[in-house]
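Trainee: Pasting query-v8.csv below, which is CSV, C-alpha atoms.
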chain,number,residue,atom,x,y,z
F,3,MET,CA,0.0,0.0,0.0
F,4,THR,CA,1.3,3.5,-0.9
F,5,PRO,CA,2.0,5.6,2.2
F,6,THR,CA,-0.4,8.5,2.7
F,7,MET,CA,1.1,11.8,1.6
F,8,GLU,CA,1.0,14.6,4.2
F,9,ILE,CA,1.6,18.3,4.1
F,10,ASP,CA,1.5,21.1,6.6
F,11,LEU,CA,-0.6,24.1,5.4
F,12,ASN,CA,0.1,27.4,7.1
F,13,ALA,CA,-1.0,31.0,6.8
F,14,ASP,CA,0.3,34.3,8.1
F,15,LEU,CA,-2.4,35.6,10.5
F,16,GLY,CA,-3.1,38.1,13.2
F,17,GLU,CA,-2.1,40.9,10.8
F,18,GLY,CA,-5.5,42.5,10.6
F,19,GLY,CA,-6.7,40.6,7.6
F,20,ASP,CA,-10.3,39.9,6.7
F,21,HIS,CA,-10.2,36.1,6.6
F,22,ASP,CA,-8.4,34.9,9.8
F,23,ASN,CA,-11.2,33.0,11.3
F,24,ALA,CA,-12.1,31.2,8.0
F,25,LEU,CA,-8.5,30.4,7.2
F,26,LEU,CA,-7.9,29.0,10.7
F,27,ALA,CA,-10.6,26.4,9.9
F,28,LEU,CA,-8.6,25.2,6.9
F,29,VAL,CA,-4.9,25.3,7.9
F,30,SER,CA,-2.9,23.2,10.3
F,31,SER,CA,-0.4,25.9,11.3
F,32,ALA,CA,-0.7,29.6,12.0
F,33,ASN,CA,2.2,32.1,11.7
F,34,ILE,CA,0.9,34.8,14.1
F,35,SER,CA,2.2,38.3,13.9
F,36,CYS,CA,4.2,39.5,16.9
F,37,GLY,CA,3.0,43.1,16.3
F,38,ALA,CA,6.1,44.6,14.7
F,39,HIS,CA,4.9,44.6,11.1
F,40,ALA,CA,1.1,44.5,11.3
F,41,GLY,CA,-1.9,43.6,13.5
F,42,SER,CA,-3.2,45.1,16.7
F,43,GLU,CA,-3.1,43.3,20.1
F,44,ALA,CA,-6.8,42.5,19.6
F,45,ASP,CA,-6.0,40.9,16.2
F,46,ILE,CA,-3.3,38.8,17.7
F,47,ARG,CA,-5.4,37.7,20.6
F,48,ALA,CA,-8.3,36.8,18.4
F,49,ALA,CA,-6.0,34.7,16.1
F,50,LEU,CA,-4.6,32.9,19.1
F,51,GLN,CA,-8.0,32.1,20.5
F,52,THR,CA,-9.4,30.9,17.1
F,53,ALA,CA,-6.2,28.8,16.5
F,54,LYS,CA,-6.8,27.2,19.9
F,55,GLN,CA,-10.5,26.5,19.0
F,56,TYR,CA,-9.5,24.6,15.8
F,57,GLY,CA,-6.4,22.9,17.3
F,58,VAL,CA,-4.1,24.7,14.9
F,59,ARG,CA,-0.3,24.7,15.7
F,60,ILE,CA,0.8,28.2,16.6
F,61,GLY,CA,4.0,29.9,15.6
F,62,ALA,CA,5.6,33.3,16.0
F,63,HIS,CA,6.0,35.5,12.9
F,64,PRO,CA,8.6,38.2,13.9
F,65,SER,CA,9.9,40.8,11.5
F,66,TYR,CA,11.8,43.9,11.1
F,67,PRO,CA,10.1,46.6,13.3
F,68,ASP,CA,8.5,48.4,10.3
F,69,ARG,CA,4.8,48.8,10.3
F,70,ASP,CA,4.9,51.5,7.6
F,71,ASN,CA,6.1,48.9,5.1
F,72,MET,CA,4.5,45.8,6.7
F,73,GLY,CA,8.0,44.5,7.3
F,74,ARG,CA,8.6,44.0,3.6
F,75,LYS,CA,11.5,46.5,3.3
F,76,VAL,CA,15.1,45.6,4.4
F,77,MET,CA,16.3,47.5,7.4
F,78,ALA,CA,20.0,48.1,8.2
F,79,MET,CA,19.9,47.3,11.9
F,80,PRO,CA,22.9,46.6,14.2
F,81,VAL,CA,23.0,42.9,15.2
F,82,LYS,CA,22.3,43.6,18.9
F,83,GLN,CA,19.4,45.9,18.1
F,84,LEU,CA,17.9,43.3,15.7
F,85,GLN,CA,18.3,40.5,18.2
F,86,LYS,CA,16.8,42.7,21.0
F,87,SER,CA,13.8,43.4,18.8
F,88,LEU,CA,13.3,39.7,17.9
F,89,ARG,CA,13.5,38.7,21.6
F,90,ALA,CA,11.0,41.4,22.5
F,91,GLN,CA,8.6,40.3,19.7
F,92,LEU,CA,8.8,36.6,20.8
F,93,THR,CA,8.3,37.6,24.4
F,94,HIS,CA,5.2,39.7,23.5
F,95,LEU,CA,3.6,36.8,21.6
F,96,HIS,CA,4.6,34.3,24.3
F,97,ASN,CA,2.8,36.5,26.9
F,98,LEU,CA,-0.3,36.8,24.8
F,99,ALA,CA,-0.2,33.0,24.1
F,100,SER,CA,0.1,32.3,27.8
F,101,ASP,CA,-3.0,34.5,28.4
F,102,ALA,CA,-4.9,32.3,25.9
F,103,SER,CA,-3.5,29.1,27.4
F,104,VAL,CA,-1.7,28.1,24.2
F,105,VAL,CA,1.9,27.3,23.4
F,106,ILE,CA,4.1,28.7,20.6
F,107,ARG,CA,5.7,25.7,18.7
F,108,PHE,CA,7.7,27.4,16.0
F,109,VAL,CA,9.1,30.6,14.6
F,110,LYS,CA,8.9,31.8,11.0
F,111,PRO,CA,10.5,35.2,10.3
F,112,HIS,CA,8.4,37.5,8.2
F,113,GLY,CA,8.8,39.5,5.0
F,114,ALA,CA,12.1,41.1,4.2
F,115,LEU,CA,13.8,39.5,7.2
F,116,TYR,CA,12.7,36.1,6.0
F,117,ASN,CA,13.9,36.6,2.4
F,118,GLN,CA,17.2,38.3,3.4
F,119,ALA,CA,18.0,35.6,5.9
F,120,ALA,CA,17.3,33.0,3.2
F,121,ARG,CA,20.2,34.4,1.2
F,122,ASP,CA,22.6,35.8,3.9
F,123,LEU,CA,24.1,33.1,6.2
F,124,THR,CA,25.5,35.7,8.6
F,125,LEU,CA,22.1,37.4,9.1
F,126,ALA,CA,20.5,33.9,9.3
F,127,THR,CA,23.0,33.0,12.1
F,128,HIS,CA,22.1,36.1,14.0
F,129,VAL,CA,18.4,35.4,13.7
F,130,VAL,CA,18.8,31.8,14.7
F,131,SER,CA,20.9,32.9,17.7
F,132,ALA,CA,18.1,35.1,19.0
F,133,ILE,CA,15.5,32.4,18.6
F,134,LYS,CA,17.7,29.7,20.2
F,135,ALA,CA,18.4,32.0,23.2
F,136,PHE,CA,14.7,32.6,23.6
F,137,ASP,CA,13.7,28.9,23.4
F,138,SER,CA,15.8,26.2,21.9
F,139,SER,CA,12.8,23.8,21.6
F,140,LEU,CA,11.1,26.0,18.9
F,141,THR,CA,11.1,24.7,15.4
F,142,LEU,CA,12.5,27.1,12.7
F,143,VAL,CA,10.4,27.5,9.6
F,144,GLY,CA,12.3,28.9,6.5
F,145,LEU,CA,12.4,28.8,2.8
F,146,ALA,CA,13.3,25.4,1.4
F,147,GLY,CA,17.0,25.2,0.6
F,148,SER,CA,17.8,28.5,2.3
F,149,GLN,CA,20.7,29.7,4.4
F,150,LEU,CA,18.2,30.3,7.2
F,151,LEU,CA,17.5,26.5,7.5
F,152,ARG,CA,21.2,25.8,7.2
F,153,ALA,CA,21.9,28.1,10.1
F,154,GLY,CA,19.1,26.5,12.1
F,155,ARG,CA,20.4,23.0,11.5
F,156,ASP,CA,23.9,24.1,12.4
F,157,ALA,CA,22.6,25.5,15.7
F,158,GLY,CA,20.8,22.3,16.5
F,159,LEU,CA,17.2,23.6,16.0
F,160,SER,CA,14.5,21.5,14.5
F,161,THR,CA,13.7,22.9,11.0
F,162,CYS,CA,10.7,22.8,8.7
F,163,ALA,CA,11.2,23.6,5.0
F,164,GLU,CA,8.6,25.9,3.5
F,165,ALA,CA,7.3,26.6,0.0
F,166,PHE,CA,4.6,29.0,-1.2
F,167,VAL,CA,1.2,28.4,-2.8
F,168,ASP,CA,0.8,32.0,-3.9
F,169,ARG,CA,4.3,33.3,-4.9
F,170,ALA,CA,6.3,32.9,-8.1
F,171,TYR,CA,9.9,31.5,-7.9
F,172,GLN,CA,13.2,32.4,-9.4
F,173,THR,CA,15.6,29.8,-10.8
F,174,ASP,CA,17.7,29.8,-7.7
F,175,GLY,CA,14.7,28.8,-5.6
F,176,SER,CA,14.2,32.2,-4.1
F,177,LEU,CA,10.9,34.1,-4.3
F,178,LEU,CA,10.4,36.5,-7.2
F,179,PRO,CA,10.4,40.0,-5.6
F,180,ARG,CA,7.0,41.6,-5.1
F,181,SER,CA,8.2,44.5,-7.2
F,182,HIS,CA,8.1,42.3,-10.3
F,183,ALA,CA,4.9,41.6,-12.3
F,184,GLY,CA,3.5,38.2,-11.5
F,185,ALA,CA,5.3,37.8,-8.2
F,186,VAL,CA,2.1,37.1,-6.4
F,187,LEU,CA,-0.2,34.5,-7.9
F,188,VAL,CA,-3.8,35.5,-8.3
F,189,ASP,CA,-5.2,32.6,-10.3
F,190,THR,CA,-6.6,29.8,-8.1
F,191,GLU,CA,-6.0,26.9,-10.4
F,192,LEU,CA,-2.4,28.0,-11.0
F,193,ALA,CA,-1.8,28.3,-7.3
F,194,VAL,CA,-3.3,24.9,-6.6
F,195,GLN,CA,-1.3,23.2,-9.4
F,196,GLN,CA,1.9,24.8,-8.0
F,197,ALA,CA,1.1,23.3,-4.6
F,198,LEU,CA,0.3,19.9,-6.0
F,199,HIS,CA,3.5,19.8,-8.0
F,200,ILE,CA,5.6,20.7,-4.9
F,201,ILE,CA,3.9,18.0,-2.9
F,202,THR,CA,3.7,15.1,-5.4
F,203,ARG,CA,6.6,15.8,-7.8
F,204,GLN,CA,8.9,17.8,-5.5
F,205,CYS,CA,9.4,20.5,-8.1
F,206,VAL,CA,8.1,23.9,-9.1
F,207,GLN,CA,8.0,25.9,-12.3
F,208,THR,CA,9.8,29.2,-12.1
F,209,HIS,CA,8.4,32.5,-13.4
F,210,ASP,CA,10.3,32.1,-16.7
F,211,GLY,CA,9.1,28.5,-17.3
F,212,GLN,CA,12.0,26.4,-16.0
F,213,THR,CA,11.4,23.5,-13.6
F,214,ILE,CA,13.5,23.3,-10.4
F,215,PRO,CA,13.6,20.9,-7.5
F,216,MET,CA,11.5,21.9,-4.5
F,217,ARG,CA,11.0,19.7,-1.4
F,218,ALA,CA,8.9,21.2,1.3
F,219,ASP,CA,7.3,20.2,4.7
F,220,THR,CA,4.9,23.1,4.8
F,221,LEU,CA,3.1,25.3,2.3
F,222,CYS,CA,2.2,28.9,3.0
F,223,ILE,CA,-0.8,31.0,2.0
F,224,HIS,CA,-0.4,34.7,2.7
F,225,GLY,CA,-3.4,35.7,4.8
F,226,ASP,CA,-3.4,39.3,3.6
F,227,THR,CA,-4.0,38.7,-0.1
F,228,PRO,CA,-7.5,39.0,-1.6
F,229,GLN,CA,-7.3,35.4,-2.9
F,230,ALA,CA,-6.2,33.8,0.4
F,231,LEU,CA,-9.5,32.2,1.3
F,232,SER,CA,-10.4,31.0,-2.2
F,233,PHE,CA,-6.9,29.5,-2.5
F,234,ALA,CA,-7.2,27.8,0.9
F,235,LYS,CA,-10.7,26.4,0.1
F,236,ALA,CA,-9.7,25.1,-3.3
F,237,LEU,CA,-6.4,23.6,-2.0
F,238,HIS,CA,-8.2,21.9,0.9
F,239,GLN,CA,-10.6,20.3,-1.5
F,240,ARG,CA,-8.0,19.2,-4.0
F,241,LEU,CA,-5.7,17.8,-1.4
F,242,GLY,CA,-8.6,15.7,-0.1
F,243,GLU,CA,-9.4,14.5,-3.5
F,244,ALA,CA,-5.8,13.5,-4.1
F,245,GLY,CA,-5.6,11.6,-0.7
F,246,ILE,CA,-3.1,14.1,0.7
F,247,ARG,CA,-3.6,14.7,4.4
F,248,ILE,CA,-3.2,18.2,5.9
F,249,ARG,CA,-1.2,17.7,9.1
F,250,ALA,CA,1.0,20.1,11.1
F,251,CYS,CA,4.8,19.6,11.1
F,252,PRO,CA,6.1,17.8,14.2
Can you turn what I pasted into structure tokens?

Mentor:
Amino acid sequence: MTPTMEIDLNADLGEGGDHDNALLALVSSANISCGAHAGSEADIRAALQTAKQYGVRIGAHPSYPDRDNMGRKVMAMPVKQLQKSLRAQLTHLHNLASDASVVIRFVKPHGALYNQAARDLTLATHVVSAIKAFDSSLTLVGLAGSQLLRAGRDAGLSTCAEAFVDRAYQTDGSLLPRSHAGAVLVDTELAVQQALHIITRQCVQTHDGQTIPMRADTLCIHGDTPQALSFAKALHQRLGEAGIRIRACP
């Protein structure tokens, strides 16, 4: 008998988006804002409570402290300042999670910090150091094949490789920058097919038509995009039809 395929399905939530409650009924993991890039305390508390209700695994989604650009612009921060900010963000979410009687299981950096650490091993090491100092039992979620995951493994953290349902890829496996046309997928069928290819074929088609290897433990849907809920619903249905179980990473 062929083993049942499994995939973790995650979404970025607690950012003040319109679909948090509906998305939390469909995903297995939630990357919840720590407040530095988006989301009010009320948004974050609501996401934690709803995640608890649905039994969704909870993770911290820290970023550069830049609400003006939703954490999607690179900031030149001294290492100690960045690490202090990350520790403060993790502490903030930890305290709110404790109030909700839930536990943070993983950390996934957000936006520019995520993408920059995917390429820059030195930055990745600094990010990992801050996470490990806060709680070495946390799993690190990062872009599949990235320097961030390498730094996490080298530091002894558990890691989870991530790919994206709704983003276009470059030939080196990095995400096509949002400044480029077509960087964010808007067609539901295209997004679902990308997800299925990553799961079943362990590959993805780049924005210029090439096919590259892509092995992932978790797939992300950005909760702040207009298509987020339609993507999640369609993907949930198609994964079920294909016999692929949605299950949180260990």

Trainee: In Å, with one decimal, what is the gap from CA of Leu231 in chain F to CA of Pro215 in chain F?

Mentor: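 CA of Pro215 in chain F lies 27.2 Å from CA of Leu231 in chain F.
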
Trainee: Rounded to one decimal, what separation in Å do you get between CA of Pro111 in chain F and CA of Ala234 in chain F?

Mentor: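 Interatomic distance, CA of Pro111 in chain F to CA of Ala234 in chain F: 21.4 Å.
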
Trainee: Mind pulling up the distance from CA of Ala48 in chain F to CA of Ala90 in chain F?

Mentor: 20.3 Å

Trainee: Any idea what's packed within 6 Å of range 137-150 of chain F, counting only C-alpha atoms, ignoring anything in its chain fewer than 4 positions away? Could you give it as a list of chain:residue names?

Mentor: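 Close residues of range 137-150 of chain F: F:Arg107, F:Phe108, F:Val109, F:Lys110, F:Ala119, F:Ala120, F:Arg121, F:Leu123, F:Ala126, F:Ser160, F:Thr161, F:Cys162, F:Ala163, F:Glu164.
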
Trainee: Could you turn the residues from that selection into a file that holds C-alpha atoms, as a PDB file, keeping the file's coordinate frame?

Mentor:
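Final output, selection-v8.pdb:
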ATOM      1  CA  ARG F 107       5.700  25.700  18.700  1.00  0.00           C
ATOM      2  CA  PHE F 108       7.700  27.400  16.000  1.00  0.00           C
ATOM      3  CA  VAL F 109       9.100  30.600  14.600  1.00  0.00           C
ATOM      4  CA  LYS F 110       8.900  31.800  11.000  1.00  0.00           C
ATOM      5  CA  ALA F 119      18.000  35.600   5.900  1.00  0.00           C
ATOM      6  CA  ALA F 120      17.300  33.000   3.200  1.00  0.00           C
ATOM      7  CA  ARG F 121      20.200  34.400   1.200  1.00  0.00           C
ATOM      8  CA  LEU F 123      24.100  33.100   6.200  1.00  0.00           C
ATOM      9  CA  ALA F 126      20.500  33.900   9.300  1.00  0.00           C
ATOM     10  CA  SER F 160      14.500  21.500  14.500  1.00  0.00           C
ATOM     11  CA  THR F 161      13.700  22.900  11.000  1.00  0.00           C
ATOM     12  CA  CYS F 162      10.700  22.800   8.700  1.00  0.00           C
ATOM     13  CA  ALA F 163      11.200  23.600   5.000  1.00  0.00           C
ATOM     14  CA  GLU F 164       8.600  25.900   3.500  1.00  0.00           C
TER      15      GLU F 164
END

Trainee: Which residues, protein or nucleic acid, reach to within 10 Å of (-8.7, 37.2, 7.5) in the file's coordinates when using all atoms listed in the file, and can you give that as an NGL selection string?

Mentor: :F and (13-26 or 45 or 49 or 224-228 or 230-231)

Trainee: Can you give me N, CA and C atoms for range 105-131 of chain F, written as a PDB file, in the frame of the given file?

Mentor:
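Result file rebuild24.pdb:
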ATOM      1  N   VAL F 105       0.457  27.353  23.414  1.00  0.00           N
ATOM      2  CA  VAL F 105       1.900  27.300  23.400  1.00  0.00           C
ATOM      3  C   VAL F 105       2.440  27.592  22.001  1.00  0.00           C
ATOM      4  N   ILE F 106       3.474  28.411  21.909  1.00  0.00           N
ATOM      5  CA  ILE F 106       4.100  28.700  20.600  1.00  0.00           C
ATOM      6  C   ILE F 106       5.051  27.471  20.326  1.00  0.00           C
ATOM      7  N   ARG F 107       4.921  26.926  19.124  1.00  0.00           N
ATOM      8  CA  ARG F 107       5.700  25.700  18.700  1.00  0.00           C
ATOM      9  C   ARG F 107       6.812  26.016  17.752  1.00  0.00           C
ATOM     10  N   PHE F 108       6.707  27.109  17.002  1.00  0.00           N
ATOM     11  CA  PHE F 108       7.700  27.400  16.000  1.00  0.00           C
ATOM     12  C   PHE F 108       7.869  28.854  15.735  1.00  0.00           C
ATOM     13  N   VAL F 109       8.908  29.194  14.986  1.00  0.00           N
ATOM     14  CA  VAL F 109       9.100  30.600  14.600  1.00  0.00           C
ATOM     15  C   VAL F 109       9.377  30.633  13.083  1.00  0.00           C
ATOM     16  N   LYS F 110       8.692  31.544  12.433  1.00  0.00           N
ATOM     17  CA  LYS F 110       8.900  31.800  11.000  1.00  0.00           C
ATOM     18  C   LYS F 110       9.083  33.299  10.824  1.00  0.00           C
ATOM     19  N   PRO F 111      10.290  33.766  10.511  1.00  0.00           N
ATOM     20  CA  PRO F 111      10.500  35.200  10.300  1.00  0.00           C
ATOM     21  C   PRO F 111       9.564  35.671   9.119  1.00  0.00           C
ATOM     22  N   HIS F 112       9.287  36.960   9.120  1.00  0.00           N
ATOM     23  CA  HIS F 112       8.400  37.500   8.200  1.00  0.00           C
ATOM     24  C   HIS F 112       9.066  38.423   7.133  1.00  0.00           C
ATOM     25  N   GLY F 113       8.508  38.467   5.946  1.00  0.00           N
ATOM     26  CA  GLY F 113       8.800  39.500   5.000  1.00  0.00           C
ATOM     27  C   GLY F 113      10.283  39.618   4.578  1.00  0.00           C
ATOM     28  N   ALA F 114      10.776  40.869   4.638  1.00  0.00           N
ATOM     29  CA  ALA F 114      12.100  41.100   4.200  1.00  0.00           C
ATOM     30  C   ALA F 114      13.160  40.404   5.062  1.00  0.00           C
ATOM     31  N   LEU F 115      12.884  40.246   6.350  1.00  0.00           N
ATOM     32  CA  LEU F 115      13.800  39.500   7.200  1.00  0.00           C
ATOM     33  C   LEU F 115      13.907  38.059   6.793  1.00  0.00           C
ATOM     34  N   TYR F 116      12.773  37.457   6.484  1.00  0.00           N
ATOM     35  CA  TYR F 116      12.700  36.100   6.000  1.00  0.00           C
ATOM     36  C   TYR F 116      13.538  35.912   4.724  1.00  0.00           C
ATOM     37  N   ASN F 117      13.268  36.781   3.744  1.00  0.00           N
ATOM     38  CA  ASN F 117      13.900  36.600   2.400  1.00  0.00           C
ATOM     39  C   ASN F 117      15.411  36.975   2.504  1.00  0.00           C
ATOM     40  N   GLN F 118      15.770  37.974   3.306  1.00  0.00           N
ATOM     41  CA  GLN F 118      17.200  38.300   3.400  1.00  0.00           C
ATOM     42  C   GLN F 118      17.952  37.225   4.136  1.00  0.00           C
ATOM     43  N   ALA F 119      17.370  36.664   5.198  1.00  0.00           N
ATOM     44  CA  ALA F 119      18.000  35.600   5.900  1.00  0.00           C
ATOM     45  C   ALA F 119      18.100  34.301   5.104  1.00  0.00           C
ATOM     46  N   ALA F 120      17.216  34.177   4.116  1.00  0.00           N
ATOM     47  CA  ALA F 120      17.300  33.000   3.200  1.00  0.00           C
ATOM     48  C   ALA F 120      18.535  33.019   2.387  1.00  0.00           C
ATOM     49  N   ARG F 121      19.048  34.237   2.089  1.00  0.00           N
ATOM     50  CA  ARG F 121      20.200  34.400   1.200  1.00  0.00           C
ATOM     51  C   ARG F 121      21.516  34.590   2.015  1.00  0.00           C
ATOM     52  N   ASP F 122      21.425  35.258   3.152  1.00  0.00           N
ATOM     53  CA  ASP F 122      22.600  35.800   3.900  1.00  0.00           C
ATOM     54  C   ASP F 122      22.826  34.888   5.124  1.00  0.00           C
ATOM     55  N   LEU F 123      23.859  34.054   5.066  1.00  0.00           N
ATOM     56  CA  LEU F 123      24.100  33.100   6.200  1.00  0.00           C
ATOM     57  C   LEU F 123      24.466  33.859   7.460  1.00  0.00           C
ATOM     58  N   THR F 124      25.174  34.973   7.343  1.00  0.00           N
ATOM     59  CA  THR F 124      25.500  35.700   8.600  1.00  0.00           C
ATOM     60  C   THR F 124      24.292  36.252   9.256  1.00  0.00           C
ATOM     61  N   LEU F 125      23.399  36.875   8.500  1.00  0.00           N
ATOM     62  CA  LEU F 125      22.100  37.400   9.100  1.00  0.00           C
ATOM     63  C   LEU F 125      21.336  36.189   9.635  1.00  0.00           C
ATOM     64  N   ALA F 126      21.277  35.114   8.869  1.00  0.00           N
ATOM     65  CA  ALA F 126      20.500  33.900   9.300  1.00  0.00           C
ATOM     66  C   ALA F 126      21.048  33.432  10.654  1.00  0.00           C
ATOM     67  N   THR F 127      22.352  33.430  10.813  1.00  0.00           N
ATOM     68  CA  THR F 127      23.000  33.000  12.100  1.00  0.00           C
ATOM     69  C   THR F 127      22.557  33.871  13.229  1.00  0.00           C
ATOM     70  N   HIS F 128      22.502  35.176  12.994  1.00  0.00           N
ATOM     71  CA  HIS F 128      22.100  36.100  14.000  1.00  0.00           C
ATOM     72  C   HIS F 128      20.625  35.900  14.423  1.00  0.00           C
ATOM     73  N   VAL F 129      19.787  35.673  13.425  1.00  0.00           N
ATOM     74  CA  VAL F 129      18.400  35.400  13.700  1.00  0.00           C
ATOM     75  C   VAL F 129      18.193  34.146  14.488  1.00  0.00           C
ATOM     76  N   VAL F 130      18.883  33.104  14.049  1.00  0.00           N
ATOM     77  CA  VAL F 130      18.800  31.800  14.700  1.00  0.00           C
ATOM     78  C   VAL F 130      19.292  31.923  16.174  1.00  0.00           C
ATOM     79  N   SER F 131      20.361  32.679  16.370  1.00  0.00           N
ATOM     80  CA  SER F 131      20.900  32.900  17.700  1.00  0.00           C
ATOM     81  C   SER F 131      19.880  33.471  18.654  1.00  0.00           C
TER      82      SER F 131
END
